[in-house]
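*Asks:* File follows, upload01.cif with mmCIF, C-alpha atoms and all ligand atoms:
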data_input
#
loop_
_atom_site.group_PDB
_atom_site.id
_atom_site.type_symbol
_atom_site.label_atom_id
_atom_site.label_comp_id
_atom_site.auth_asym_id
_atom_site.auth_seq_id
_atom_site.Cartn_x
_atom_site.Cartn_y
_atom_site.Cartn_z
ATOM 1 C CA MET Z 277 -13.471 -2.064 -14.590
ATOM 2 C CA ILE Z 278 -16.074 -2.755 -11.905
ATOM 3 C CA HIS Z 279 -15.711 -5.376 -9.232
ATOM 4 C CA SER Z 280 -18.284 -6.481 -6.733
ATOM 5 C CA ARG Z 281 -17.516 -6.876 -3.050
ATOM 6 C CA HIS Z 282 -17.206 -10.608 -3.644
ATOM 7 C CA SER Z 283 -14.601 -10.294 -6.360
ATOM 8 C CA THR Z 284 -11.427 -10.275 -4.373
ATOM 9 C CA ILE Z 285 -8.737 -10.647 -6.971
ATOM 10 C CA ILE Z 286 -8.503 -7.688 -9.239
ATOM 11 C CA ASN Z 287 -6.588 -8.560 -12.327
ATOM 12 C CA GLY Z 288 -6.023 -5.322 -14.084
ATOM 13 C CA PHE Z 289 -4.551 -4.589 -17.436
ATOM 14 C CA TRP Z 290 -2.128 -1.789 -16.686
ATOM 15 C CA ARG Z 291 -2.641 0.873 -19.342
ATOM 16 C CA SER Z 292 -1.052 4.198 -20.181
ATOM 17 C CA SER Z 293 -2.909 6.888 -18.324
ATOM 18 C CA PRO Z 294 -5.118 9.342 -20.234
ATOM 19 C CA ALA Z 295 -4.045 12.983 -20.565
ATOM 20 C CA ARG Z 296 -6.920 14.050 -18.318
ATOM 21 C CA LEU Z 297 -7.467 11.983 -15.210
ATOM 22 C CA GLU Z 298 -10.851 11.874 -13.567
ATOM 23 C CA LEU Z 299 -11.213 10.494 -10.094
ATOM 24 C CA HIS Z 300 -14.724 10.400 -8.724
ATOM 25 C CA PRO Z 301 -15.786 9.358 -5.227
ATOM 26 C CA GLY Z 302 -15.869 5.546 -5.295
ATOM 27 C CA ASP Z 303 -13.016 5.330 -7.816
ATOM 28 C CA THR Z 304 -9.689 3.849 -6.814
ATOM 29 C CA HIS Z 305 -6.814 4.321 -9.198
ATOM 30 C CA LEU Z 306 -3.834 2.000 -8.925
ATOM 31 C CA TRP Z 307 -0.515 2.974 -10.452
ATOM 32 C CA LEU Z 308 2.324 0.620 -11.291
ATOM 33 C CA VAL Z 309 5.705 2.327 -11.164
ATOM 34 C CA SER Z 310 8.973 0.832 -12.362
ATOM 35 C CA LEU Z 311 11.888 1.583 -10.047
ATOM 36 C CA GLU Z 312 14.545 0.529 -12.499
ATOM 37 C CA GLY Z 313 16.890 2.978 -14.086
ATOM 38 C CA PRO Z 314 18.786 6.049 -12.869
ATOM 39 C CA ALA Z 315 17.034 8.596 -10.663
ATOM 40 C CA GLY Z 316 18.015 11.369 -13.121
ATOM 41 C CA ASN Z 317 15.749 14.336 -13.603
ATOM 42 C CA PRO Z 318 12.686 13.303 -11.613
ATOM 43 C CA VAL Z 319 14.622 14.141 -8.478
ATOM 44 C CA SER Z 320 14.278 17.843 -9.249
ATOM 45 C CA CYS Z 321 10.647 17.719 -8.071
ATOM 46 C CA LEU Z 322 11.501 16.429 -4.588
ATOM 47 C CA SER Z 323 11.704 18.425 -1.376
ATOM 48 C CA GLY Z 324 14.919 19.045 0.540
ATOM 49 C CA GLU Z 325 13.605 16.733 3.242
ATOM 50 C CA GLU Z 326 13.143 13.891 0.760
ATOM 51 C CA ILE Z 327 16.599 14.383 -0.714
ATOM 52 C CA ALA Z 328 18.069 14.412 2.795
ATOM 53 C CA ARG Z 329 16.230 11.195 3.621
ATOM 54 C CA ALA Z 330 17.562 9.596 0.464
ATOM 55 C CA GLU Z 331 21.110 10.442 1.555
ATOM 56 C CA GLY Z 332 20.569 8.212 4.570
ATOM 57 C CA PHE Z 333 20.283 5.019 2.513
ATOM 58 C CA ALA Z 334 23.446 2.951 2.628
ATOM 59 C CA ARG Z 335 22.871 1.216 -0.701
ATOM 60 C CA ASP Z 336 22.739 3.159 -3.984
ATOM 61 C CA GLN Z 337 19.963 0.940 -5.230
ATOM 62 C CA ASP Z 338 17.742 1.690 -2.223
ATOM 63 C CA ARG Z 339 18.436 5.413 -2.542
ATOM 64 C CA THR Z 340 17.559 5.445 -6.242
ATOM 65 C CA ARG Z 341 14.396 3.434 -5.701
ATOM 66 C CA PHE Z 342 13.243 5.715 -2.894
ATOM 67 C CA LEU Z 343 13.846 8.784 -5.075
ATOM 68 C CA LEU Z 344 12.070 7.299 -8.080
ATOM 69 C CA ALA Z 345 9.095 6.229 -5.982
ATOM 70 C CA ARG Z 346 8.712 9.650 -4.346
ATOM 71 C CA ALA Z 347 9.134 11.456 -7.681
ATOM 72 C CA ALA Z 348 6.468 9.216 -9.247
ATOM 73 C CA LEU Z 349 4.150 9.790 -6.281
ATOM 74 C CA ARG Z 350 4.483 13.571 -6.608
ATOM 75 C CA THR Z 351 3.988 13.474 -10.377
ATOM 76 C CA ILE Z 352 0.901 11.279 -10.057
ATOM 77 C CA LEU Z 353 -0.706 13.415 -7.344
ATOM 78 C CA GLY Z 354 0.204 16.604 -9.196
ATOM 79 C CA SER Z 355 -1.619 15.359 -12.271
ATOM 80 C CA TYR Z 356 -4.888 14.948 -10.327
ATOM 81 C CA LEU Z 357 -4.530 18.290 -8.629
ATOM 82 C CA GLY Z 358 -3.305 20.212 -11.664
ATOM 83 C CA CYS Z 359 -0.248 21.499 -9.890
ATOM 84 C CA ALA Z 360 3.517 21.159 -10.116
ATOM 85 C CA PRO Z 361 4.785 18.023 -8.342
ATOM 86 C CA LYS Z 362 7.309 20.065 -6.398
ATOM 87 C CA SER Z 363 4.622 22.337 -4.951
ATOM 88 C CA LEU Z 364 2.951 19.500 -3.023
ATOM 89 C CA CYS Z 365 3.345 19.519 0.761
ATOM 90 C CA PHE Z 366 3.016 16.333 2.751
ATOM 91 C CA HIS Z 367 2.449 15.978 6.423
ATOM 92 C CA LEU Z 368 2.796 12.771 8.378
ATOM 93 C CA GLY Z 369 0.119 11.048 10.413
ATOM 94 C CA ARG Z 370 0.813 9.791 13.933
ATOM 95 C CA HIS Z 371 2.488 6.640 12.628
ATOM 96 C CA GLY Z 372 4.216 8.170 9.627
ATOM 97 C CA LYS Z 373 1.563 7.932 6.897
ATOM 98 C CA PRO Z 374 2.222 10.726 4.395
ATOM 99 C CA MET Z 375 -0.868 12.766 3.557
ATOM 100 C CA LEU Z 376 -1.484 15.892 1.556
ATOM 101 C CA ALA Z 377 -1.407 18.993 3.701
ATOM 102 C CA LEU Z 378 -4.875 20.274 4.586
ATOM 103 C CA GLY Z 379 -6.538 22.331 1.870
ATOM 104 C CA GLY Z 380 -4.255 21.223 -0.923
ATOM 105 C CA GLY Z 381 -5.659 17.759 -1.397
ATOM 106 C CA GLN Z 382 -9.249 18.236 -2.641
ATOM 107 C CA GLY Z 383 -10.138 15.106 -0.687
ATOM 108 C CA LEU Z 384 -7.409 13.156 -2.440
ATOM 109 C CA GLU Z 385 -6.220 10.166 -0.416
ATOM 110 C CA PHE Z 386 -3.262 8.074 -1.421
ATOM 111 C CA ASN Z 387 -0.824 5.434 -0.319
ATOM 112 C CA LEU Z 388 2.476 4.121 -1.630
ATOM 113 C CA SER Z 389 4.233 0.793 -1.319
ATOM 114 C CA HIS Z 390 7.462 -0.440 -2.794
ATOM 115 C CA ALA Z 391 9.170 -3.820 -3.110
ATOM 116 C CA GLY Z 392 11.967 -4.955 -5.358
ATOM 117 C CA LYS Z 393 11.837 -3.165 -8.688
ATOM 118 C CA ILE Z 394 8.332 -1.766 -8.429
ATOM 119 C CA ALA Z 395 6.182 0.642 -6.483
ATOM 120 C CA LEU Z 396 2.407 0.792 -6.349
ATOM 121 C CA VAL Z 397 0.464 3.952 -5.667
ATOM 122 C CA ALA Z 398 -3.242 3.905 -4.810
ATOM 123 C CA VAL Z 399 -5.307 7.073 -5.115
ATOM 124 C CA ALA Z 400 -8.931 7.585 -4.047
ATOM 125 C CA ARG Z 401 -11.194 10.532 -3.351
ATOM 126 C CA ASN Z 402 -12.713 11.063 0.098
ATOM 127 C CA ALA Z 403 -11.864 7.479 1.066
ATOM 128 C CA ARG Z 404 -8.870 6.304 3.025
ATOM 129 C CA VAL Z 405 -6.744 3.833 1.125
ATOM 130 C CA GLY Z 406 -3.803 1.556 1.858
ATOM 131 C CA ILE Z 407 -1.720 -0.560 -0.464
ATOM 132 C CA ASP Z 408 1.006 -3.113 0.081
ATOM 133 C CA VAL Z 409 3.265 -5.018 -2.289
ATOM 134 C CA GLU Z 410 5.830 -7.667 -1.398
ATOM 135 C CA TYR Z 411 8.408 -9.448 -3.496
ATOM 136 C CA ARG Z 412 7.935 -13.119 -2.708
ATOM 137 C CA LYS Z 413 11.635 -13.962 -2.716
ATOM 138 C CA ASN Z 414 12.549 -11.368 -0.121
ATOM 139 C CA ARG Z 415 11.793 -13.320 3.047
ATOM 140 C CA SER Z 416 13.417 -16.460 4.381
ATOM 141 C CA SER Z 417 11.268 -19.325 5.631
ATOM 142 C CA ASN Z 418 12.358 -18.542 9.190
ATOM 143 C CA GLY Z 419 11.371 -14.909 8.728
ATOM 144 C CA ILE Z 420 7.963 -15.958 7.470
ATOM 145 C CA GLU Z 421 7.450 -18.332 10.413
ATOM 146 C CA ALA Z 422 8.352 -15.552 12.839
ATOM 147 C CA ILE Z 423 5.852 -13.148 11.280
ATOM 148 C CA ILE Z 424 3.118 -15.769 11.332
ATOM 149 C CA ARG Z 425 3.754 -16.477 15.024
ATOM 150 C CA ARG Z 426 3.874 -12.818 15.986
ATOM 151 C CA PHE Z 427 1.242 -11.185 13.825
ATOM 152 C CA PHE Z 428 -1.284 -13.700 12.503
ATOM 153 C CA THR Z 429 -4.561 -14.573 14.184
ATOM 154 C CA ALA Z 430 -5.224 -18.146 15.320
ATOM 155 C CA ARG Z 431 -7.507 -18.680 12.316
ATOM 156 C CA GLU Z 432 -4.939 -17.370 9.824
ATOM 157 C CA ARG Z 433 -2.297 -19.608 11.394
ATOM 158 C CA THR Z 434 -4.530 -22.671 11.278
ATOM 159 C CA ILE Z 435 -5.308 -22.125 7.601
ATOM 160 C CA ILE Z 436 -1.642 -21.768 6.664
ATOM 161 C CA GLU Z 437 -0.566 -24.754 8.763
ATOM 162 C CA GLY Z 438 -3.152 -26.915 6.977
ATOM 163 C CA LEU Z 439 -1.763 -26.154 3.532
ATOM 164 C CA GLU Z 440 0.701 -28.118 1.481
ATOM 165 C CA GLU Z 441 4.229 -26.773 1.702
ATOM 166 C CA SER Z 442 4.101 -25.413 -1.851
ATOM 167 C CA GLN Z 443 1.040 -23.259 -1.069
ATOM 168 C CA LYS Z 444 2.146 -21.947 2.317
ATOM 169 C CA ARG Z 445 4.448 -19.224 1.041
ATOM 170 C CA ASP Z 446 1.940 -17.765 -1.431
ATOM 171 C CA THR Z 447 -0.853 -17.783 1.125
ATOM 172 C CA PHE Z 448 1.389 -16.157 3.699
ATOM 173 C CA TYR Z 449 2.111 -13.304 1.280
ATOM 174 C CA GLN Z 450 -1.553 -12.977 0.412
ATOM 175 C CA PHE Z 451 -2.600 -12.633 4.059
ATOM 176 C CA TRP Z 452 0.356 -10.444 4.912
ATOM 177 C CA THR Z 453 -0.215 -7.891 2.144
ATOM 178 C CA ARG Z 454 -3.931 -7.782 3.004
ATOM 179 C CA LYS Z 455 -3.062 -7.083 6.617
ATOM 180 C CA GLU Z 456 -0.520 -4.416 5.763
ATOM 181 C CA ALA Z 457 -2.946 -2.766 3.324
ATOM 182 C CA VAL Z 458 -5.537 -2.508 6.114
ATOM 183 C CA VAL Z 459 -3.033 -1.091 8.583
ATOM 184 C CA LYS Z 460 -1.774 1.358 5.981
ATOM 185 C CA ALA Z 461 -5.274 2.501 5.036
ATOM 186 C CA LEU Z 462 -5.818 3.414 8.674
ATOM 187 C CA GLY Z 463 -2.383 5.016 8.916
ATOM 188 C CA ALA Z 464 -1.837 2.844 11.949
ATOM 189 C CA SER Z 465 1.152 1.032 13.344
ATOM 190 C CA LEU Z 466 1.800 -2.513 12.275
ATOM 191 C CA PRO Z 467 2.812 -4.041 15.608
ATOM 192 C CA ALA Z 468 0.055 -2.282 17.533
ATOM 193 C CA MET Z 469 -2.971 -3.581 15.708
ATOM 194 C CA ILE Z 470 -2.201 -6.271 13.203
ATOM 195 C CA ARG Z 471 -3.558 -9.144 15.327
ATOM 196 C CA ASP Z 472 -6.782 -7.286 15.944
ATOM 197 C CA PHE Z 473 -8.335 -8.428 12.717
ATOM 198 C CA ASP Z 474 -8.408 -11.450 10.456
ATOM 199 C CA VAL Z 475 -8.121 -11.387 6.662
ATOM 200 C CA SER Z 476 -8.291 -15.096 5.882
ATOM 201 C CA THR Z 477 -11.774 -14.876 4.327
ATOM 202 C CA PRO Z 478 -11.386 -13.341 0.869
ATOM 203 C CA GLY Z 479 -12.809 -9.842 0.709
ATOM 204 C CA GLU Z 480 -13.596 -9.618 4.399
ATOM 205 C CA ILE Z 481 -12.033 -8.145 7.469
ATOM 206 C CA THR Z 482 -13.186 -9.853 10.637
ATOM 207 C CA PRO Z 483 -12.270 -9.171 14.244
ATOM 208 C CA GLY Z 484 -9.374 -11.221 15.524
ATOM 209 C CA VAL Z 485 -7.734 -11.197 18.920
ATOM 210 C CA SER Z 486 -7.164 -7.952 20.709
ATOM 211 C CA THR Z 487 -3.625 -6.845 21.437
ATOM 212 C CA PRO Z 488 -3.333 -5.259 24.881
ATOM 213 C CA GLY Z 489 -3.007 -1.502 24.528
ATOM 214 C CA ALA Z 490 -3.919 -1.513 20.846
ATOM 215 C CA PRO Z 491 -6.722 0.557 19.379
ATOM 216 C CA ALA Z 492 -10.117 -1.159 19.653
ATOM 217 C CA THR Z 493 -11.123 -3.319 16.709
ATOM 218 C CA GLU Z 494 -14.354 -1.322 16.387
ATOM 219 C CA THR Z 495 -12.397 1.612 15.012
ATOM 220 C CA LEU Z 496 -11.791 -0.531 11.945
ATOM 221 C CA GLU Z 497 -15.538 -0.947 11.244
ATOM 222 C CA PRO Z 498 -15.061 -3.876 8.839
ATOM 223 C CA ASP Z 499 -18.203 -3.173 6.810
ATOM 224 C CA ARG Z 500 -16.882 0.141 5.592
ATOM 225 C CA TRP Z 501 -13.912 -1.361 3.791
ATOM 226 C CA PHE Z 502 -13.174 -3.240 0.610
ATOM 227 C CA ILE Z 503 -10.057 -5.361 0.544
ATOM 228 C CA ALA Z 504 -8.752 -6.981 -2.617
ATOM 229 C CA ASP Z 505 -5.709 -8.822 -3.889
ATOM 230 C CA VAL Z 506 -4.086 -7.142 -6.867
ATOM 231 C CA TYR Z 507 -2.578 -9.468 -9.412
ATOM 232 C CA ILE Z 508 0.981 -8.468 -10.323
ATOM 233 C CA PRO Z 509 3.164 -10.808 -12.390
ATOM 234 C CA HIS Z 510 6.836 -11.681 -11.879
ATOM 235 C CA GLY Z 511 6.879 -12.799 -8.259
ATOM 236 C CA TYR Z 512 4.997 -10.008 -6.514
ATOM 237 C CA THR Z 513 1.947 -10.173 -4.260
ATOM 238 C CA ALA Z 514 -0.124 -7.071 -3.554
ATOM 239 C CA SER Z 515 -3.340 -6.035 -1.853
ATOM 240 C CA VAL Z 516 -5.324 -2.838 -1.584
ATOM 241 C CA CYS Z 517 -7.768 -1.729 1.091
ATOM 242 C CA VAL Z 518 -10.131 1.177 0.491
ATOM 243 C CA GLU Z 519 -12.872 2.771 2.564
ATOM 244 C CA THR Z 520 -15.581 2.267 -0.035
ATOM 245 C CA ARG Z 521 -18.061 -0.558 -0.301
ATOM 246 C CA LYS Z 522 -18.074 -0.845 -4.088
ATOM 247 C CA PRO Z 523 -14.907 0.591 -5.495
ATOM 248 C CA VAL Z 524 -14.314 0.985 -9.202
ATOM 249 C CA PHE Z 525 -10.690 0.244 -9.983
ATOM 250 C CA SER Z 526 -8.523 1.592 -12.795
ATOM 251 C CA PHE Z 527 -4.992 0.415 -13.498
ATOM 252 C CA TRP Z 528 -2.435 2.874 -14.818
ATOM 253 C CA ARG Z 529 1.161 2.338 -15.754
ATOM 254 C CA PHE Z 530 3.331 5.273 -14.721
ATOM 255 C CA SER Z 531 5.369 6.461 -17.652
ATOM 256 C CA GLY Z 532 7.529 9.048 -15.973
ATOM 257 C CA SER Z 533 5.645 12.234 -16.799
HETATM 258 C C1 LIG Z 601 4.299 1.530 6.962
HETATM 259 C C2 LIG Z 601 4.304 0.114 7.481
HETATM 260 C C3 LIG Z 601 2.880 -0.284 7.799
HETATM 261 C C4 LIG Z 601 4.777 -0.910 6.468
HETATM 262 O O1 LIG Z 601 5.702 -0.524 5.561
HETATM 263 P P1 LIG Z 601 6.515 -1.543 4.625
HETATM 264 O O2 LIG Z 601 5.704 -2.726 4.222
HETATM 265 O O3 LIG Z 601 7.803 -1.800 5.252
HETATM 266 O O4 LIG Z 601 6.764 -0.651 3.384
HETATM 267 P P2 LIG Z 601 5.839 -0.175 2.189
HETATM 268 O O5 LIG Z 601 6.737 0.021 1.055
HETATM 269 O O6 LIG Z 601 4.629 -1.025 1.986
HETATM 270 O O7 LIG Z 601 5.269 1.217 2.688
HETATM 271 C C5 LIG Z 601 6.108 2.278 2.992
HETATM 272 C C6 LIG Z 601 5.418 3.558 2.543
HETATM 273 O O8 LIG Z 601 4.153 3.681 3.177
HETATM 274 C C7 LIG Z 601 3.952 5.036 3.602
HETATM 275 N N1 LIG Z 601 3.795 4.951 5.070
HETATM 276 C C8 LIG Z 601 4.710 5.110 6.066
HETATM 277 N N2 LIG Z 601 4.117 4.909 7.276
HETATM 278 C C9 LIG Z 601 2.828 4.622 7.026
HETATM 279 C C10 LIG Z 601 1.717 4.299 7.867
HETATM 280 N N3 LIG Z 601 1.798 4.250 9.195
HETATM 281 N N4 LIG Z 601 0.524 4.043 7.287
HETATM 282 C C11 LIG Z 601 0.398 4.087 5.947
HETATM 283 N N5 LIG Z 601 1.415 4.373 5.093
HETATM 284 C C12 LIG Z 601 2.609 4.635 5.640
HETATM 285 C C13 LIG Z 601 5.140 5.817 3.128
HETATM 286 O O9 LIG Z 601 4.805 6.431 1.899
HETATM 287 C C14 LIG Z 601 6.217 4.766 2.940
HETATM 288 O O10 LIG Z 601 7.098 4.974 1.888
HETATM 289 P P3 LIG Z 601 8.120 6.194 1.783
HETATM 290 O O11 LIG Z 601 8.528 6.481 3.166
HETATM 291 O O12 LIG Z 601 9.189 5.684 0.908
HETATM 292 O O13 LIG Z 601 7.310 7.281 1.156
HETATM 293 C C15 LIG Z 601 5.198 -0.058 8.744
HETATM 294 O O14 LIG Z 601 6.462 0.464 8.503
HETATM 295 C C16 LIG Z 601 4.602 0.573 9.997
HETATM 296 O O15 LIG Z 601 3.870 -0.076 10.716
HETATM 297 N N6 LIG Z 601 4.917 1.839 10.273
HETATM 298 C C17 LIG Z 601 4.368 2.525 11.423
HETATM 299 C C18 LIG Z 601 5.445 2.915 12.422
HETATM 300 C C19 LIG Z 601 5.872 1.715 13.198
HETATM 301 O O16 LIG Z 601 5.087 1.144 13.890
HETATM 302 N N7 LIG Z 601 7.144 1.338 13.030
HETATM 303 C C20 LIG Z 601 7.647 0.129 13.552
HETATM 304 C C21 LIG Z 601 7.738 -0.887 12.407
HETATM 305 S S1 LIG Z 601 7.817 -2.548 12.953
#
Show me this structure written as structure tokens.
*Replies:*
Amino acid sequence: MIHSRHSTIINGFWRSSPARLELHPGDTHLWLVSLEGPAGNPVSCLSGEEIARAEGFARDQDRTRFLLARAALRTILGSYLGCAPKSLCFHLGRHGKPMLALGGGQGLEFNLSHAGKIALVAVARNARVGIDVEYRKNRSSNGIEAIIRRFFTARERTIIEGLEESQKRDTFYQFWTRKEAVVKALGASLPAMIRDFDVSTPGEITPGVSTPGAPATETLEPDRWFIADVYIPHGYTASVCVETRKPVFSFWRFSGS
């Protein structure tokens, strides 16, 4: 499915993935992962570090979802690289973005996001990518107001304030996931840079206000990026940001193997 720079909502039909996956430069593959069900066997492909991190979750549900998401991520990446999921080594960027260790990735870039019962994984070749999904029931109105005050640009705030009450929440989530997808593509830190750019024009990233001490907006180079809202049913909002001007998206449903 091909989308122009001006098509900002990508409404994919999530299909079973083919036996042989091909990912060319310019392609962005999105994976929808269900986080329901017991962690079971997939956990055997995780590293000791991941298992230890899972132990730190207080709630069983959070632990299981973390494990399932990481197992799916490893399985997905392993299928592009033709290697066992367990053999993959991740290292973390300065602000915690997991990346494939040098040499093992064949230019494969990825990002993961989870919310509620689903995770999304975005995979691209030789292009940084970030993805964010939110479950729209998760935040209280006060929480939303606080985020808008702290992180949104003046223009984003004005647009939301001008909307009818019924549209405010959806628009908030749209802007918020776009912003997080951009930050995650850069592997940056949310508080440090999120007011530096504005995502209220569909498909565009424009400079916003500068946060003292934050990285310069120029490092974002808005023209290099494509940002799109990903349609997900059942109360979720998601966006993807990829360092390609004309990405070709594919939508795969993760089946567990
Ligand atoms: C990552 C971040 C942008 C948002 O995460 P979120 O919306 O809460 O959660 P998501 O589910 O969308 O994403 C989390 C996943 O993104 C990945 N990730 C973590 N840090 C990342 C970063 N800086 N950039 C890109 N991806 C990152 C990880 O795979 C993580 O999931 P996992 O740990 O289960 O593997 C946010 O936590 C952040 O800004 N981190 C940087 C460190 C920081 O500034 N911390 C203070 C937070 S206020």
*Asks:* Could you tell me which residues the PyMOL selection byres (((chain Z and resi 476) around 8) and not hetatm) returns for this structure, as a short mmCIF file (atom, residue, chain, number, x, y, z; two decimals) with C-alpha atoms, in the coordinates of the input?
*Replies:*
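Done, and the output landed in part38.cif:
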data_model
loop_
_atom_site.label_atom_id
_atom_site.label_comp_id
_atom_site.auth_asym_id
_atom_site.auth_seq_id
_atom_site.Cartn_x
_atom_site.Cartn_y
_atom_site.Cartn_z
CA ARG Z 431 -7.51 -18.68 12.32
CA GLU Z 432 -4.94 -17.37 9.82
CA ILE Z 435 -5.31 -22.12 7.60
CA PHE Z 451 -2.60 -12.63 4.06
CA ASP Z 474 -8.41 -11.45 10.46
CA VAL Z 475 -8.12 -11.39 6.66
CA THR Z 477 -11.77 -14.88 4.33
CA PRO Z 478 -11.39 -13.34 0.87
CA GLU Z 480 -13.60 -9.62 4.40
#
*Asks:* Measuring atom to atom with only C-alpha atoms and all ligand atoms, identify which of Z:Ala504, Z:Leu364, Z:Leu344, Z:Ile352 is nearest to ligand LIG 601 (chain Z).
*Replies:*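 Distance minimum relative to ligand LIG 601 (chain Z) lands on Z:Leu344.
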*Asks:* Point out the residue among Z:Val518, Z:Leu496, Z:Ala391, Z:Ile481 with the least atom-to-atom distance to ligand LIG 601 (chain Z), counting all atoms listed in the file.
*Replies:*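 Result for the nearest residue to ligand LIG 601 (chain Z): Z:Ala391.
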*Asks:* Residue by residue, what does the PyMOL selection byres (((chain Z and resi 447) around 12) and not hetatm) grab here? Present the result as a PyMOL selection string.
*Replies:* chain Z and resi 412+420+424+432-446+448-454+475-478+505+513-514
*Asks:* Work out how far atom O2 of ligand LIG 601 (chain Z) is from CA of Glu326 (chain Z), in Å to one decimal.
*Replies:*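 We find that CA of Glu326 (chain Z) and atom O2 of ligand LIG 601 (chain Z) lie 18.5 Å from each other.
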*Asks:* Go through Z:Phe530, Z:Phe342, Z:Phe525, Z:Trp501 one by one, measure the shortest atom-to-atom distance of each to ligand LIG 601 (chain Z) using all atoms listed in the file, and give the residue with the smallest value.
*Replies:*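 The closest residue to ligand LIG 601 (chain Z) is Z:Phe342.
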*Asks:* Show which residues sit within 7 Å of region 301-315 of chain Z, as a list of chain:residue names. Count all atoms listed in the file, and ignore same-chain residues fewer than 6 positions away.
*Replies:*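 Once the adjacent positions are removed, what remains is Z:Thr340, Z:Arg341, Z:Leu343, Z:Leu344, Z:Ala345, Z:Lys393, Z:Ile394, Z:Ala395, Z:Leu396, Z:Val397, Z:Ala398, Z:Val399, Z:Ala400, Z:Arg401, Z:Asn402, Z:Thr520, Z:Lys522, Z:Pro523, Z:Val524, Z:Phe525, Z:Ser526, Z:Phe527, Z:Trp528, Z:Arg529, Z:Phe530.
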*Asks:* Could you tell me which residues the PyMOL selection byres (((chain Z and resi 461) around 9) and not hetatm) grabs in this file, written as JSON, numbers by chain?
*Replies:* {"Z": [373, 386, 387, 404, 405, 406, 407, 456, 457, 458, 459, 460, 462, 463, 464, 516, 517, 518, 519]}
*Asks:* I'd like to know which of Z:Asp336, Z:Asp408, Z:Glu325, Z:Glu385 is closest to ligand LIG 601 (chain Z), using all atoms listed in the file.
*Replies:*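 Nearest to ligand LIG 601 (chain Z): Z:Asp408.
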